[in-house]
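Novice: Let me give you the structure first, and then I'll get to my questions.
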Amino acid sequence: MGSSIVQAIIDGVLTGGVYALMAAGLTLIFGVMDIINVAQGIFVILGAYLSYSLSVHAGIDPFLGLLITIPALFVVGIGVEWGFMRRLKEGDRTAMSILVTYAVSIVIEGVLNISFTVNYVQIHAWYVNRSVHLLGFYLPYIYVFGFVLAAVLLIALYALLYRTRFGASVRASLQDRTAARLVGIDVRRVSTISFGIGVAVTAAGGMVFGATNAFNASTSYDLISRLLAIVILGGLGSMGGALVAAVFMLVLEDVVAVAWSPIWATAVFFAALVVVLSIRPAGLFGRQVARAQ
Amino acid sequence: MHGGISRRKLTAAGLGSLITAGALAGGLVASSAGAADHAAPKAATPITIGVSLSLSGDFSADGQAFQRGYQLWAKDVNRAGGLLGRPVKLDIVSDASSPTQVVTNYQKLISVNHVNLLFGPFSTLLTVPASKIAYRFGYALVEGAGGAPAVFANGLHNVFDVSLPVVDNLVQFAKWIASMPASQRPKTAAYPTSNDPFTEPQIAPAQRILQKAGVKTVYSKVFPAEVTDYTPIADAVAASHAQVVVLGSVDVPTVSSFIQAFAQQHYNPKAFIATGGPDQGAAFVKAVGASNTNGVMVPNGWYPGYANASSRKMVSEYVKQYGGTASGINSDVAEAYSVGQVVAQAVTATKSLDNAKLIAYMHGNHTFSSVQGPVKFDKLGENGAAAAFAFQWQKGKFVQVLPAHDSNSVKIQYPKANWGS
């Protein structure tokens, strides 16, 4: 049992990194724009399908393919923000964003169903089914690579936010959009680019998800509820929180599944979520005071 | 493959189901009508058959395979002159895999669209509410993917399942293991299963047979229909070193995740059977990779190579219409096609579209023929004449392996080949 639990913890940490990658964009978009992007699940699946297509039709390795899929989803994100999000009024932006992004997800789901059919597919590469044996445990390459990718991208996002002028603009917008405007920040431009970045990072999460799970467009419904739970636990707007929450969720569920019963794993996580939120209503790393605007 | 439902409907069942169902329904009704127009006497009023199918959502792969089966049957019937001299028209609406939407759909099909007959939806959990609506309005509900005990537990006399009752699904496999000489018989077995009305009833009988034969249970746990990550469950099964794995699965992703985790853990059981997923033909191969299918088994009542004249004809027509190969055909297609065949025979025999007469006739101890073999309903509406088989993927081909004495069965691959071979 002891080694099984250790293996479950390893699984949880590695998978948690991938979920953090998918959730990072969601929390960034909310933080900057007050938009709850329920289309994030379908953007993940879109990223998975793009990687799948490049792999199957062009023979491009899924990780290498990110050089194409990340910019592609950045453009998609920019397009969605320009086409829909910026037209939302400030006052009811958050509520309306749920409806608008849900509509966007339905449209993308329909396009994917027509383009790829509803049959499940999975991304295949030499490392998908292989693992490395380390200290008595098998570590699947795909999860290790995925975790490293998640770490690199999250660090890059962190550097972008905390080491660049653009990042300072984003953080200012995160804190107070009106004040940011008053000091000369082009909040609209920051929002557009942030939305693009938030969607772009899902390309990486989608690729790893597509290599570890069979998926079709409907799979997005499973994802979005998970991703929302992660960003709420981590604190809306906090990327570090997303990482901690994702790892916490996956480790807790995996350990409960092995030590007790898989049937209780999800329930225990949501019970933990309720407990955390009752103590810290803004989540683990969320701001305690809501924004003024 | 029959599936249950999951909690995935959290988001799908609301606005999404309405939008998607509405959008899909419009197009599909039109396309179904097009198929029906193929046909028979133009002057005759079409016989309309209402169906709710999961054309989006979790069961969309199965739902769309069912749609193809129904449409193929309608095309064949109309080509042959229709039913009672009238063309058949399918009125298909999407339930987005939601048990709530399926209720709305059948109510609308009956009360607003005034369909003459009903065909069943996909999955046990959608069939249960659908059968209650059909019962309330006095309609017969003939279906091909609602064979779990939950469907018949309500004691409704209007529901008829043309496929193999699910509790019998794994019996052939379990008996085969039990019949092995003690020296060759596996010593241990694992039974991970989804908490689904389709899977759970199958596991218990198989487990009883194997335990009685001395095969020790080393893992037996139920997991939710929706799991964030199957890896720890699959890893725990691998850690048990069970020689046989009986997986209660409803779809391809579940089987795919287990196979991937087993391969990563360098764990290769001697026998691996999954209740659903491997029967989905090309879709299964595409998801798990051809090299990982070798030796994987699945119980069912039909496969594309089934030695039955009408099955061969249907397979040939399917390949002609949709392309691909025979092995790539989802068994849902045959289940749907069988529904149409049975209803057609009942309508022809009674010369009536009166649902009360049809219900009485189908309970009348008559034997129907279908692409899945004979159909004879018992007092519950289950198909007591259904044949039980087990199939196995062998070097890219989906072949019948059980019952072993059947002339159409090929030698079972045991122990199964290593993953990736």
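Ordering of the structure tokens sets the chain letters (A, B, ...), residue numbers begin anew at 1 in every chain, and ligands are numbered from 1 in the order given.
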Run DSSP on the backbone and tell me which residues of stretch 145-293 of chain A come out as alpha helix (DSSP H); list them as JSON, numbers by chain.

Specialist: {"A": [145, 146, 147, 148, 149, 150, 151, 152, 153, 154, 155, 156, 157, 158, 159, 160, 161, 162, 165, 166, 167, 168, 169, 170, 171, 172, 173, 174, 175, 177, 178, 179, 180, 181, 182, 187, 188, 189, 190, 191, 192, 193, 194, 195, 196, 197, 198, 199, 200, 201, 202, 203, 204, 205, 206, 207, 208, 209, 210, 211, 212, 220, 221, 222, 223, 224, 225, 226, 227, 228, 229, 230, 231, 232, 233, 234, 239, 240, 241, 242, 243, 244, 245, 246, 247, 248, 249, 250, 251, 252, 253, 254, 255, 256, 257, 258, 259, 262, 263, 264, 265, 266, 267, 268, 269, 270, 271, 272, 273, 274, 275, 276, 277, 278, 279]}

Novice: Select residues of chain A: the criterion is any atom within 6 Å of an atom of chain B, counting only C-alpha atoms; output as a list in words.

Specialist: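 Contact residues on the first chain: Ala8, Val118, Asn119, Val121, Gln122, Asn129, Arg130, Ser131, Tyr138, Pro140, Ala214, Ser218, Asp222, Asp254, Pro262 and Ile263 of chain A.
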
Novice: With distances taken over only C-alpha atoms, which residue among A:Leu228, A:Val32, A:Ile5, A:Ala211 lies nearest A:Gly167?

Specialist: A:Val32

Novice: How far is it from atom CA of B:Tyr191 to atom CA of B:Ala178, in Å with one decimal?

Specialist: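 Atom CA of B:Ala178 lies 15.9 Å from atom CA of B:Tyr191.
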
Novice: Which residues, written as JSON, numbers by chain, have at least one atom at most 9 Å from B:Leu125, with only C-alpha atoms counted and residues fewer than 2 positions away on the same chain left out?

Specialist: {"B": [3, 4, 5, 99, 122, 123, 127, 128, 129, 130, 146, 148, 150, 151, 196, 197, 198]}

Novice: Keeping N, CA and C atoms for every residue in the selection just given, could you write it to a file as a JSON list (two decimals), in the first residue's frame?

Specialist:
[["chain", "number", "residue", "atom", "x", "y", "z"],
["B", 3, "GLY", "N", -23.93, 2.53, -22.84],
["B", 3, "GLY", "CA", -23.28, 3.32, -21.82],
["B", 3, "GLY", "C", -24.26, 3.80, -20.78],
["B", 4, "GLY", "N", -23.73, 4.27, -19.72],
["B", 4, "GLY", "CA", -24.56, 4.94, -18.73],
["B", 4, "GLY", "C", -24.35, 6.40, -18.87],
["B", 5, "ILE", "N", -24.71, 7.12, -17.86],
["B", 5, "ILE", "CA", -24.49, 8.55, -17.97],
["B", 5, "ILE", "C", -23.59, 8.98, -16.85],
["B", 99, "PRO", "N", -30.17, 12.84, -19.75],
["B", 99, "PRO", "CA", -31.39, 12.11, -19.39],
["B", 99, "PRO", "C", -32.58, 13.04, -19.17],
["B", 122, "PHE", "N", -29.78, 5.96, -26.98],
["B", 122, "PHE", "CA", -28.58, 5.22, -26.62],
["B", 122, "PHE", "C", -28.36, 5.28, -25.11],
["B", 123, "SER", "N", -28.03, 4.16, -24.55],
["B", 123, "SER", "CA", -27.59, 3.98, -23.18],
["B", 123, "SER", "C", -28.74, 3.65, -22.23],
["B", 127, "THR", "N", -32.46, 5.31, -21.58],
["B", 127, "THR", "CA", -33.59, 4.44, -21.91],
["B", 127, "THR", "C", -34.58, 4.38, -20.75],
["B", 128, "VAL", "N", -34.08, 4.41, -19.53],
["B", 128, "VAL", "CA", -34.98, 4.34, -18.37],
["B", 128, "VAL", "C", -36.01, 5.47, -18.39],
["B", 129, "PRO", "N", -35.60, 6.75, -18.45],
["B", 129, "PRO", "CA", -36.62, 7.80, -18.50],
["B", 129, "PRO", "C", -37.44, 7.77, -19.79],
["B", 130, "ALA", "N", -36.80, 7.40, -20.89],
["B", 130, "ALA", "CA", -37.52, 7.37, -22.17],
["B", 130, "ALA", "C", -38.64, 6.34, -22.12],
["B", 146, "GLY", "N", -30.24, -0.57, -24.17],
["B", 146, "GLY", "CA", -30.69, -0.37, -22.80],
["B", 146, "GLY", "C", -30.96, -1.74, -22.18],
["B", 148, "ALA", "N", -29.58, -3.10, -19.41],
["B", 148, "ALA", "CA", -29.25, -3.29, -17.99],
["B", 148, "ALA", "C", -30.52, -3.55, -17.18],
["B", 150, "ALA", "N", -31.70, -2.09, -14.76],
["B", 150, "ALA", "CA", -32.42, -0.86, -14.39],
["B", 150, "ALA", "C", -33.55, -0.55, -15.36],
["B", 151, "VAL", "N", -33.39, -0.95, -16.60],
["B", 151, "VAL", "CA", -34.42, -0.65, -17.61],
["B", 151, "VAL", "C", -35.69, -1.45, -17.34],
["B", 196, "ASP", "N", -21.71, 2.56, -13.23],
["B", 196, "ASP", "CA", -22.62, 2.77, -14.33],
["B", 196, "ASP", "C", -23.61, 1.61, -14.38],
["B", 197, "PRO", "N", -24.88, 1.89, -14.67],
["B", 197, "PRO", "CA", -25.86, 0.80, -14.70],
["B", 197, "PRO", "C", -25.59, -0.23, -15.80],
["B", 198, "PHE", "N", -24.74, 0.12, -16.74],
["B", 198, "PHE", "CA", -24.38, -0.84, -17.78],
["B", 198, "PHE", "C", -23.25, -1.76, -17.34]]

Novice: One number please: atom CA of B:Asn355 to atom CA of B:Val115, in Å, one decimal.

Specialist: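 Interatomic distance, atom CA of B:Asn355 to atom CA of B:Val115: 11.2 Å.
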
Novice: As a ChimeraX atom specification, please: the residues near A:Leu99 (cut-off 10 Å, only C-alpha atoms, same-chain neighbours under 5 positions excluded).

Specialist: /A:36-39,94,104-105 /B:15
